[in-house]
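**Student:** This one is run_8.cif, mmCIF, C-alpha atoms.
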```cif
data_query
#
loop_
_atom_site.label_atom_id
_atom_site.label_comp_id
_atom_site.auth_asym_id
_atom_site.auth_seq_id
_atom_site.Cartn_x
_atom_site.Cartn_y
_atom_site.Cartn_z
CA MET W 1 -16.20 -9.63 -20.72
CA THR W 2 -19.11 -9.82 -18.32
CA ARG W 3 -19.00 -8.45 -14.81
CA ARG W 4 -19.32 -12.03 -13.51
CA ALA W 5 -16.22 -13.08 -15.44
CA GLU W 6 -14.28 -10.09 -14.16
CA LEU W 7 -14.80 -11.38 -10.62
CA ASP W 8 -12.79 -14.53 -11.28
CA TRP W 9 -10.05 -14.90 -8.70
CA SER W 10 -6.75 -14.71 -10.57
CA LEU W 11 -3.43 -12.92 -10.16
CA GLN W 12 -2.81 -12.87 -13.89
CA THR W 13 -4.16 -9.33 -13.65
CA ARG W 14 -3.79 -7.04 -10.67
CA GLN W 15 -6.58 -7.26 -8.13
CA HIS W 16 -7.09 -3.57 -7.40
CA TRP W 17 -9.70 -4.28 -4.75
CA MET W 18 -6.99 -6.05 -2.74
CA ASP W 19 -4.83 -2.92 -2.83
CA ALA W 20 -7.82 -0.85 -1.71
CA LEU W 21 -8.66 -3.20 1.16
CA ARG W 22 -5.05 -3.28 2.29
CA GLY W 23 -4.85 0.50 2.14
CA ALA W 24 -8.09 0.95 4.08
CA ALA W 25 -6.99 -1.52 6.77
CA VAL W 26 -3.59 0.13 7.20
CA LEU W 27 -5.18 3.58 7.45
CA LEU W 28 -7.58 2.30 10.12
CA VAL W 29 -4.65 0.89 12.10
CA ALA W 30 -2.79 4.21 11.81
CA LEU W 31 -5.82 6.26 12.85
CA TRP W 32 -6.45 3.96 15.82
CA HIS W 33 -2.88 4.53 17.03
CA ALA W 34 -3.21 8.28 16.44
CA PHE W 35 -5.98 8.33 19.04
CA GLU W 36 -4.47 5.70 21.33
CA ILE W 37 -0.79 6.65 21.69
CA PRO W 38 -0.99 10.32 22.80
CA ASP W 39 -1.34 10.58 26.57
CA VAL W 40 -4.78 12.14 26.20
CA ALA W 41 -8.17 10.63 27.02
CA MET W 42 -9.72 9.19 23.89
CA PRO W 43 -13.32 10.24 23.18
CA THR W 44 -15.64 7.41 24.21
CA GLY W 45 -17.46 7.23 20.90
CA VAL W 46 -14.20 7.12 18.95
CA GLU W 47 -12.87 4.34 21.14
CA TRP W 48 -16.01 2.27 20.61
CA VAL W 49 -15.82 2.67 16.83
CA PHE W 50 -12.21 1.53 16.69
CA ASN W 51 -12.92 -1.38 19.02
CA PHE W 52 -15.76 -2.35 16.67
CA LEU W 53 -13.42 -2.19 13.66
CA ALA W 54 -10.86 -4.41 15.40
CA VAL W 55 -12.84 -7.38 14.10
CA TYR W 56 -11.88 -6.33 10.55
CA ARG W 57 -8.65 -4.30 10.75
CA VAL W 58 -5.62 -6.56 11.30
CA PRO W 59 -7.54 -9.76 10.44
CA MET W 60 -8.07 -8.30 6.96
CA LEU W 61 -4.36 -7.53 6.54
CA MET W 62 -3.36 -11.05 7.54
CA PHE W 63 -6.08 -12.67 5.43
CA LEU W 64 -5.05 -10.75 2.30
CA SER W 65 -1.42 -11.77 2.78
CA GLY W 66 -2.51 -15.39 3.10
CA LEU W 67 -4.48 -15.15 -0.14
CA LEU W 68 -1.23 -14.34 -1.95
CA LEU W 69 0.85 -17.10 -0.36
CA ASP W 70 0.33 -19.62 -3.15
CA HIS W 71 1.35 -17.01 -5.71
CA SER W 72 4.52 -16.18 -3.76
CA LEU W 73 5.46 -19.85 -3.47
CA ARG W 74 5.62 -20.21 -7.25
CA LYS W 75 9.06 -18.59 -7.02
CA PRO W 76 12.24 -20.55 -6.25
CA THR W 77 12.79 -20.97 -2.51
CA THR W 78 15.85 -18.69 -2.47
CA VAL W 79 13.90 -15.90 -4.18
CA TYR W 80 10.93 -16.40 -1.86
CA VAL W 81 13.04 -16.36 1.32
CA GLY W 82 15.22 -13.50 0.12
CA GLY W 83 12.19 -11.39 -0.70
CA LYS W 84 10.70 -11.85 2.76
CA LEU W 85 14.00 -11.04 4.46
CA ARG W 86 14.51 -7.92 2.34
CA ARG W 87 10.95 -6.58 2.53
CA ILE W 88 9.74 -7.72 5.96
CA ALA W 89 12.68 -8.64 8.23
CA TRP W 90 14.75 -5.63 7.15
CA PRO W 91 12.13 -2.90 7.83
CA LEU W 92 11.26 -4.70 11.07
CA VAL W 93 14.83 -4.25 12.33
CA VAL W 94 15.26 -0.74 10.89
CA TRP W 95 12.03 0.63 12.33
CA SER W 96 12.55 -1.11 15.66
CA ALA W 97 15.77 0.91 15.90
CA ILE W 98 13.91 4.07 14.88
CA LEU W 99 11.35 3.44 17.62
CA LEU W 100 14.19 3.41 20.15
CA LEU W 101 15.57 6.65 18.69
CA VAL W 102 12.23 8.47 19.09
CA GLY W 103 12.02 7.31 22.70
CA TRP W 104 9.60 4.40 22.53
CA PRO W 105 9.73 2.71 25.97
CA ALA W 106 11.42 -0.62 25.22
CA ASP W 107 14.33 -2.76 26.32
CA ALA W 108 16.72 -3.10 23.41
CA ALA W 109 18.38 -6.06 25.16
CA ASN W 110 15.13 -8.00 25.03
CA PRO W 111 15.27 -10.20 21.90
CA TRP W 112 11.47 -10.24 21.67
CA PHE W 113 11.52 -6.49 21.03
CA TRP W 114 13.32 -7.09 17.73
CA VAL W 115 10.48 -9.26 16.47
CA GLY W 116 8.03 -6.47 17.26
CA ASP W 117 6.91 -7.45 20.76
CA GLY W 118 5.52 -4.45 22.64
CA ALA W 119 5.08 -2.20 19.62
CA HIS W 120 3.04 -2.08 16.41
CA LEU W 121 5.83 -3.92 14.57
CA TRP W 122 4.68 -7.23 16.04
CA TYR W 123 2.62 -7.51 12.85
CA LEU W 124 5.77 -7.80 10.72
CA GLY W 125 7.23 -10.39 13.08
CA VAL W 126 4.08 -12.50 12.90
CA LEU W 127 3.89 -12.06 9.13
CA LEU W 128 7.49 -13.19 8.75
CA ALA W 129 6.82 -16.28 10.88
CA CYS W 130 3.72 -17.05 8.80
CA TYR W 131 5.71 -16.89 5.57
CA ALA W 132 8.35 -19.18 7.08
CA ILE W 133 5.72 -21.74 8.09
CA GLY W 134 4.01 -21.12 4.76
CA LEU W 135 6.85 -22.94 3.00
CA LEU W 136 5.28 -26.14 4.34
CA THR W 137 2.20 -25.57 2.19
CA ARG W 138 4.20 -26.79 -0.79
CA TRP W 139 3.65 -30.25 0.68
CA VAL W 140 0.96 -29.80 3.34
CA PRO W 141 -2.47 -28.30 2.56
CA PRO W 142 -2.81 -24.93 4.33
CA ILE W 143 -6.07 -26.05 5.91
CA LEU W 144 -4.07 -28.60 7.95
CA ILE W 145 -1.72 -25.88 9.19
CA PHE W 146 -4.74 -23.76 10.05
CA GLY W 147 -6.19 -26.71 11.97
CA ALA W 148 -2.96 -27.27 13.90
CA GLY W 149 -2.81 -23.56 14.75
CA PHE W 150 -6.45 -23.64 15.78
CA LEU W 151 -5.75 -26.40 18.29
CA ALA W 152 -2.64 -24.60 19.55
CA MET W 153 -4.67 -21.41 20.06
CA GLU W 154 -7.09 -23.32 22.26
CA LEU W 155 -4.44 -25.24 24.23
CA VAL W 156 -1.33 -23.06 24.57
CA ARG W 157 -1.19 -20.57 27.43
CA THR W 158 1.79 -18.22 27.60
CA GLU W 159 2.70 -14.68 28.67
CA ILE W 160 4.83 -14.11 25.56
CA ALA W 161 2.93 -11.56 23.49
CA PHE W 162 4.55 -12.57 20.21
CA VAL W 163 3.45 -16.20 20.62
CA ASN W 164 -0.09 -15.13 21.50
CA ASN W 165 -0.23 -12.85 18.46
CA MET W 166 1.03 -15.65 16.26
CA LEU W 167 -1.55 -18.10 17.61
CA TRP W 168 -4.33 -15.58 17.01
CA PHE W 169 -3.57 -13.39 14.01
CA GLY W 170 -1.49 -16.04 12.26
CA LEU W 171 -4.67 -18.08 11.87
CA TYR W 172 -6.13 -15.40 9.61
CA PHE W 173 -3.09 -15.73 7.35
CA PHE W 174 -3.54 -19.48 6.93
CA ALA W 175 -7.30 -19.09 6.60
CA GLY W 176 -6.58 -16.81 3.63
CA ALA W 177 -4.12 -19.34 2.21
CA ALA W 178 -6.65 -22.17 2.61
CA LEU W 179 -9.56 -20.19 1.16
CA SER W 180 -7.62 -18.79 -1.81
CA ARG W 181 -8.53 -21.88 -3.84
CA TRP W 182 -12.26 -21.21 -3.30
CA LEU W 183 -12.28 -17.42 -3.45
CA GLY W 184 -13.39 -17.33 -7.10
CA PRO W 185 -16.63 -19.24 -6.45
CA TRP W 186 -17.23 -17.12 -3.35
CA LEU W 187 -16.94 -13.89 -5.31
CA ARG W 188 -19.61 -15.18 -7.70
CA THR W 189 -22.19 -15.98 -5.01
CA ARG W 190 -25.31 -13.91 -4.43
CA TRP W 191 -25.18 -10.59 -2.56
CA PHE W 192 -27.44 -11.63 0.30
CA MET W 193 -24.98 -14.32 1.41
CA ALA W 194 -22.18 -11.76 1.83
CA ALA W 195 -24.57 -9.30 3.46
CA GLY W 196 -25.66 -11.98 5.92
CA LEU W 197 -22.06 -12.68 6.92
CA LEU W 198 -21.45 -8.97 7.46
CA VAL W 199 -24.53 -8.63 9.65
CA ILE W 200 -23.48 -11.60 11.81
CA ALA W 201 -19.87 -10.41 12.16
CA SER W 202 -20.87 -6.80 12.82
CA ALA W 203 -23.32 -7.88 15.52
CA TRP W 204 -20.44 -9.69 17.21
CA ALA W 205 -18.19 -6.64 16.71
CA ALA W 206 -20.75 -4.37 18.37
CA TYR W 207 -21.15 -6.77 21.29
CA SER W 208 -17.40 -7.19 21.71
CA ALA W 209 -16.74 -3.44 21.53
CA THR W 210 -19.38 -2.82 24.18
CA VAL W 211 -18.53 -5.65 26.57
CA ASN W 212 -14.87 -6.49 25.97
CA GLY W 213 -13.38 -3.28 24.59
CA TYR W 214 -10.28 -3.98 22.53
CA VAL W 215 -9.18 -7.39 23.75
CA PRO W 216 -8.65 -10.00 21.00
CA ILE W 217 -10.03 -13.23 22.43
CA ALA W 218 -8.13 -16.38 21.47
CA HIS W 219 -11.21 -18.54 21.08
CA TRP W 220 -12.81 -20.29 18.15
CA ARG W 221 -16.06 -18.29 18.25
CA PRO W 222 -14.63 -14.76 17.71
CA LEU W 223 -12.17 -16.18 15.18
CA VAL W 224 -14.94 -17.70 13.07
CA LEU W 225 -17.16 -14.63 13.38
CA SER W 226 -14.33 -12.32 12.36
CA LEU W 227 -13.49 -14.51 9.35
CA LEU W 228 -17.13 -14.36 8.26
CA GLY W 229 -16.95 -10.58 8.36
CA VAL W 230 -13.71 -10.52 6.39
CA LEU W 231 -15.26 -12.71 3.68
CA GLY W 232 -18.27 -10.40 3.52
CA VAL W 233 -16.06 -7.32 3.14
CA VAL W 234 -14.02 -9.06 0.42
CA TRP W 235 -17.18 -9.86 -1.57
CA PHE W 236 -18.34 -6.24 -1.58
CA ALA W 237 -14.83 -4.79 -2.09
CA ALA W 238 -14.46 -6.73 -5.33
CA ARG W 239 -17.46 -4.81 -6.68
CA LEU W 240 -16.59 -1.29 -5.57
CA PRO W 241 -15.47 1.35 -8.07
CA ARG W 242 -11.75 2.09 -8.16
CA LEU W 243 -10.49 3.98 -5.09
CA ARG W 244 -7.17 5.06 -6.52
CA TRP W 245 -5.73 6.94 -3.54
CA VAL W 246 -6.61 4.13 -1.15
CA GLU W 247 -5.08 1.69 -3.65
CA TRP W 248 -1.95 3.86 -3.67
CA VAL W 249 -1.75 3.53 0.10
CA GLY W 250 -2.25 -0.23 -0.20
CA GLU W 251 0.60 -0.51 -2.68
CA ARG W 252 2.81 1.23 -0.09
CA SER W 253 1.28 -0.43 2.94
CA ILE W 254 4.68 -1.28 4.44
CA VAL W 255 5.59 2.43 4.46
CA PHE W 256 2.39 3.52 6.18
CA TYR W 257 2.49 0.65 8.64
CA VAL W 258 6.05 0.97 9.94
CA ALA W 259 6.32 4.77 9.84
CA HIS W 260 3.07 5.92 11.38
CA VAL W 261 3.88 5.22 15.06
CA PRO W 262 7.22 7.12 15.19
CA LEU W 263 5.49 10.07 13.52
CA ILE W 264 2.64 9.92 16.05
CA VAL W 265 5.09 9.81 18.97
CA LEU W 266 7.00 12.86 17.69
CA ALA W 267 3.82 14.85 17.00
CA ALA W 268 2.34 13.99 20.39
CA ARG W 269 5.45 15.26 22.18
CA LEU W 270 5.02 18.63 20.56
CA THR W 271 1.39 19.08 21.53
CA VAL W 272 0.34 17.01 24.59
CA GLY W 273 -0.06 19.36 27.55
CA VAL W 274 0.37 22.40 25.29
CA VAL W 275 -2.88 22.58 23.31
CA PRO W 276 -6.42 21.27 23.96
CA SER W 277 -7.08 17.57 23.33
CA PRO W 278 -9.02 18.00 20.05
CA LEU W 279 -6.10 19.95 18.61
CA VAL W 280 -3.66 17.25 19.79
CA PHE W 281 -5.55 14.61 17.83
CA ALA W 282 -5.89 16.86 14.77
CA PHE W 283 -2.19 17.71 14.75
CA VAL W 284 -1.10 14.11 15.33
CA ILE W 285 -3.29 12.82 12.51
CA ALA W 286 -2.11 15.55 10.13
CA VAL W 287 1.58 14.89 10.86
CA MET W 288 1.11 11.14 10.64
CA LEU W 289 -0.73 11.22 7.32
CA CYS W 290 1.46 13.86 5.69
CA GLY W 291 4.64 12.17 6.86
CA CYS W 292 3.55 8.77 5.56
CA ILE W 293 2.42 10.23 2.24
CA LEU W 294 5.77 11.98 1.75
CA LEU W 295 7.69 8.83 2.63
CA GLY W 296 5.51 6.78 0.30
CA ARG W 297 5.91 9.33 -2.49
CA PHE W 298 9.66 9.88 -2.31
CA LEU W 299 11.27 7.05 -0.30
CA ASN W 300 9.18 3.99 -1.11
CA GLY W 301 11.67 1.29 -2.08
CA SER W 302 14.55 3.02 -0.28
CA ALA W 303 16.78 1.41 2.35
CA LEU W 304 14.29 2.52 5.01
CA PHE W 305 11.84 -0.07 3.73
CA VAL W 306 13.72 -2.56 1.55
CA PHE W 307 17.17 -4.03 2.05
CA PRO W 308 19.33 -2.47 -0.68
CA VAL W 309 20.69 -4.86 -3.27
CA VAL W 310 23.61 -3.86 -5.47
CA ARG W 311 23.18 -5.40 -8.90
CA VAL W 312 26.24 -6.19 -10.96
CA GLY W 313 26.07 -6.27 -14.72
CA ARG W 314 23.09 -5.87 -16.98
CA PRO W 315 19.83 -4.91 -15.19
CA ARG W 316 17.34 -7.75 -14.90
CA ALA W 317 13.96 -7.36 -16.59
CA PRO W 318 11.17 -7.15 -14.01
CA LEU W 319 9.14 -10.29 -13.42
CA SER W 320 5.42 -10.12 -14.03
CA ASP W 321 4.62 -10.91 -10.40
CA GLU W 322 6.58 -7.91 -9.15
CA ARG W 323 3.30 -6.03 -9.41
CA VAL W 324 2.15 -7.80 -6.27
CA PRO W 325 2.23 -5.41 -3.25
CA ALA W 326 5.65 -5.28 -1.62
CA GLY W 327 4.51 -6.70 1.69
CA ASP W 328 3.44 -9.96 0.01
CA ARG W 329 6.45 -10.70 -2.15
#
```
For this file, produce the structure as structure tokens.
**Tutor:**
Amino acid sequence: MTRRAELDWSLQTRQHWMDALRGAAVLLVALWHAFEIPDVAMPTGVEWVFNFLAVYRVPMLMFLSGLLLDHSLRKPTTVYVGGKLRRIAWPLVVWSAILLLVGWPADAANPWFWVGDGAHLWYLGVLLACYAIGLLTRWVPPILIFGAGFLAMELVRTEIAFVNNMLWFGLYFFAGAALSRWLGPWLRTRWFMAAGLLVIASAWAAYSATVNGYVPIAHWRPLVLSLLGVLGVVWFAARLPRLRWVEWVGERSIVFYVAHVPLIVLAARLTVGVVPSPLVFAFVIAVMLCGCILLGRFLNGSALFVFPVVRVGRPRAPLSDERVPAGDR
């Protein structure tokens, strides 16, 4: 098989580069929060780098999930819906409760909190909403849903953070769903096209990090520029050698995503005001990474991350598509 043939877009075999990209994006989110959450001044250079990477970080996570939507929808509706409730809605509720237990400042009586508003778990709430709307793509082309969301992003003005996140980051999900049918030809294009997209998107990222800081702008121009960068990263990621540990993180992305903030909060309480700032960041990062690795190693698939199902009778043979990362089932 030639290298060109290997780059065909198909889920008949596992796309390891997708695991690696998901793992890298989740780690970048976790590291950003490790510097942001402790009540310590973030080094200016570090802040600029993470603001620059905001063009790629969460947009990449949403785009990758959208790429797998068509594959997920091949299942019966009950299996599709049940999987999303077990693997997205359940950890959203569980880890929202854990956030309250570790002292995250939130109003438990506010229903928006339970869909992730005001904390990092907003991502799961938006992802769940995208999968719900994604059912429509069985009858409506995803590009039309993307177009409707694009217009809503430009026209709707609200103070509800969840709605704003949906109208911004949800578009990356449906862009991925729409582009999944053309990803194979894109992966077989010439390198300079992908490099050009990365240069354009990175120039925007540098400008935005310098002028805007970290403020996602609900406007067509940054959306398009960010999508160009995501496509460029995807092209190069499909050609990288295997990054097995990063792939391992990507396969357990739900664990790293939901658990990292509570671990950061606990570690920061032990060190802020006690040790110098560089040691605070070092300790927080070490606790966060070690804690997530241990949870991913020993508790991945437990009731902390997946709603437990009691099976009666003979165990069911695993389906071939159960190799898809848990967050996209």
**Student:** Hey, can you check how far CA of Leu187 in chain W sits from CA of Leu231 in chain W?
**Tutor:**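 These two atoms are separated by 9.2 Å.
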**Student:** How would you write as a ChimeraX atom specification the residues that get within 9 Å of (-2.0, -0.6, 1.1) in the file's frame, counting only C-alpha atoms?
**Tutor:** /W:18-27,246-257,325,327
**Student:** In Å, how far is it from CA of Glu36 in chain W to CA of Trp95 in chain W?
**Tutor:**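 Straight-line distance from CA of Glu36 in chain W to CA of Trp95 in chain W works out to 19.5 Å.
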**Student:** Please list as a PyMOL selection string every residue within 12 Å of range 79-87 of chain W, counting only C-alpha atoms and excluding residues in the same chain fewer than 5 positions away.
**Tutor:** chain W and resi 69-74+92-94+124-125+127-135+252-255+258+300-309+319+321-322+325-329
**Student:** Using all atoms listed in the file, determine which residues lie at most 10 Å from Met288 in chain W, disregarding the query and same-chain residues fewer than 6 positions distant; provide the list as a list in words.
**Tutor:**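 Listed by chain and then number, they are Ala30, Leu31, Ala34, Phe256, Ala259, His260, Val261, Pro262, Leu263, Ile264, Val265, Leu266, Ala267 and Ala282 of chain W.
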**Student:** Output C-alpha atoms for every residue in that selection, as an mmCIF file, in the coordinates of the input.
**Tutor:**
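Output file selection_21.cif is given in full below:
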```cif
data_model
loop_
_atom_site.group_PDB
_atom_site.id
_atom_site.type_symbol
_atom_site.label_atom_id
_atom_site.label_comp_id
_atom_site.auth_asym_id
_atom_site.auth_seq_id
_atom_site.Cartn_x
_atom_site.Cartn_y
_atom_site.Cartn_z
ATOM 1 C CA ALA W 30 -2.790 4.210 11.810
ATOM 2 C CA LEU W 31 -5.820 6.260 12.850
ATOM 3 C CA ALA W 34 -3.210 8.280 16.440
ATOM 4 C CA PHE W 256 2.390 3.520 6.180
ATOM 5 C CA ALA W 259 6.320 4.770 9.840
ATOM 6 C CA HIS W 260 3.070 5.920 11.380
ATOM 7 C CA VAL W 261 3.880 5.220 15.060
ATOM 8 C CA PRO W 262 7.220 7.120 15.190
ATOM 9 C CA LEU W 263 5.490 10.070 13.520
ATOM 10 C CA ILE W 264 2.640 9.920 16.050
ATOM 11 C CA VAL W 265 5.090 9.810 18.970
ATOM 12 C CA LEU W 266 7.000 12.860 17.690
ATOM 13 C CA ALA W 267 3.820 14.850 17.000
ATOM 14 C CA ALA W 282 -5.890 16.860 14.770
#
```
**Student:** Can you pull out every residue within 12 Å of Val224 in chain W, counting all atoms listed in the file, but drop anything in the same chain fewer than 4 positions away, and send it as a list of chain:residue names?
**Tutor:**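 Result of the neighbour search: W:Val55, W:Pro59, W:Phe150, W:Trp168, W:Leu171, W:Tyr172, W:Ala175, W:Leu197, W:Ile200, W:Ala201, W:Trp204, W:Ile217, W:Ala218, W:His219, W:Trp220, W:Leu228, W:Gly229, W:Val230, W:Leu231.
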**Student:** To one decimal in Å, tell me the separation between CA of Ala206 in chain W and CA of Phe52 in chain W.
**Tutor:**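 CA of Ala206 in chain W sits 5.6 Å away from CA of Phe52 in chain W.
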**Student:** If the PyMOL selection byres ((chain W and resi 195) around 10) were run on this exact file, what residues would it hold? Put them as a PyMOL selection string.
**Tutor:** chain W and resi 190-194+196-201+229+231-233+235-236
**Student:** I would like the residues chosen by the PyMOL selection byres ((chain W and resi 53) around 10) on the shown file; could you give them as a tab-separated table (two decimals) with C-alpha atoms, in the frame of the given file?
**Tutor:**
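Generated file (out38.tsv):
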```
chain	number	residue	atom	x	y	z
W	25	ALA	CA	-6.99	-1.52	6.77
W	28	LEU	CA	-7.58	2.30	10.12
W	29	VAL	CA	-4.65	0.89	12.10
W	32	TRP	CA	-6.45	3.96	15.82
W	47	GLU	CA	-12.87	4.34	21.14
W	48	TRP	CA	-16.01	2.27	20.61
W	49	VAL	CA	-15.82	2.67	16.83
W	50	PHE	CA	-12.21	1.53	16.69
W	51	ASN	CA	-12.92	-1.38	19.02
W	52	PHE	CA	-15.76	-2.35	16.67
W	54	ALA	CA	-10.86	-4.41	15.40
W	55	VAL	CA	-12.84	-7.38	14.10
W	56	TYR	CA	-11.88	-6.33	10.55
W	57	ARG	CA	-8.65	-4.30	10.75
W	58	VAL	CA	-5.62	-6.56	11.30
W	202	SER	CA	-20.87	-6.80	12.82
W	205	ALA	CA	-18.19	-6.64	16.71
W	206	ALA	CA	-20.75	-4.37	18.37
W	209	ALA	CA	-16.74	-3.44	21.53
W	214	TYR	CA	-10.28	-3.98	22.53
```
**Student:** Please supply range 185-197 of chain W, rebuilt with N, CA, C and O atoms, as a short mmCIF file (atom, residue, chain, number, x, y, z; two decimals), keeping the file's coordinate frame.
**Tutor:**
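Done, and the output landed in out_32.cif:
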```cif
data_model
loop_
_atom_site.label_atom_id
_atom_site.label_comp_id
_atom_site.auth_asym_id
_atom_site.auth_seq_id
_atom_site.Cartn_x
_atom_site.Cartn_y
_atom_site.Cartn_z
N PRO W 185 -15.21 -18.92 -6.62
CA PRO W 185 -16.63 -19.24 -6.45
C PRO W 185 -17.33 -18.35 -5.42
O PRO W 185 -18.49 -17.98 -5.60
N TRP W 186 -16.61 -17.99 -4.35
CA TRP W 186 -17.23 -17.12 -3.35
C TRP W 186 -17.57 -15.76 -3.93
O TRP W 186 -18.66 -15.21 -3.68
N LEU W 187 -16.69 -15.21 -4.74
CA LEU W 187 -16.94 -13.89 -5.31
C LEU W 187 -18.11 -13.91 -6.29
O LEU W 187 -18.65 -12.85 -6.62
N ARG W 188 -18.49 -15.08 -6.75
CA ARG W 188 -19.61 -15.18 -7.70
C ARG W 188 -20.92 -15.59 -7.04
O ARG W 188 -21.90 -15.86 -7.72
N THR W 189 -20.95 -15.65 -5.70
CA THR W 189 -22.19 -15.98 -5.01
C THR W 189 -23.13 -14.77 -4.98
O THR W 189 -22.75 -13.66 -5.38
N ARG W 190 -24.31 -14.97 -4.46
CA ARG W 190 -25.31 -13.91 -4.43
C ARG W 190 -25.03 -12.93 -3.30
O ARG W 190 -24.48 -13.28 -2.26
N TRP W 191 -25.50 -11.68 -3.48
CA TRP W 191 -25.18 -10.59 -2.56
C TRP W 191 -25.70 -10.85 -1.15
O TRP W 191 -25.05 -10.45 -0.16
N PHE W 192 -26.84 -11.48 -1.03
CA PHE W 192 -27.44 -11.63 0.30
C PHE W 192 -26.63 -12.56 1.19
O PHE W 192 -26.69 -12.47 2.43
N MET W 193 -25.83 -13.46 0.60
CA MET W 193 -24.98 -14.32 1.41
C MET W 193 -23.87 -13.49 2.06
O MET W 193 -23.58 -13.64 3.25
N ALA W 194 -23.23 -12.62 1.27
CA ALA W 194 -22.18 -11.76 1.83
C ALA W 194 -22.76 -10.79 2.84
O ALA W 194 -22.15 -10.52 3.89
N ALA W 195 -23.94 -10.24 2.53
CA ALA W 195 -24.57 -9.30 3.46
C ALA W 195 -24.90 -9.99 4.79
O ALA W 195 -24.73 -9.42 5.86
N GLY W 196 -25.36 -11.24 4.70
CA GLY W 196 -25.66 -11.98 5.92
C GLY W 196 -24.43 -12.18 6.79
O GLY W 196 -24.49 -12.04 8.02
N LEU W 197 -23.30 -12.50 6.16
CA LEU W 197 -22.06 -12.68 6.92
C LEU W 197 -21.64 -11.37 7.59
O LEU W 197 -21.20 -11.37 8.75
#
```
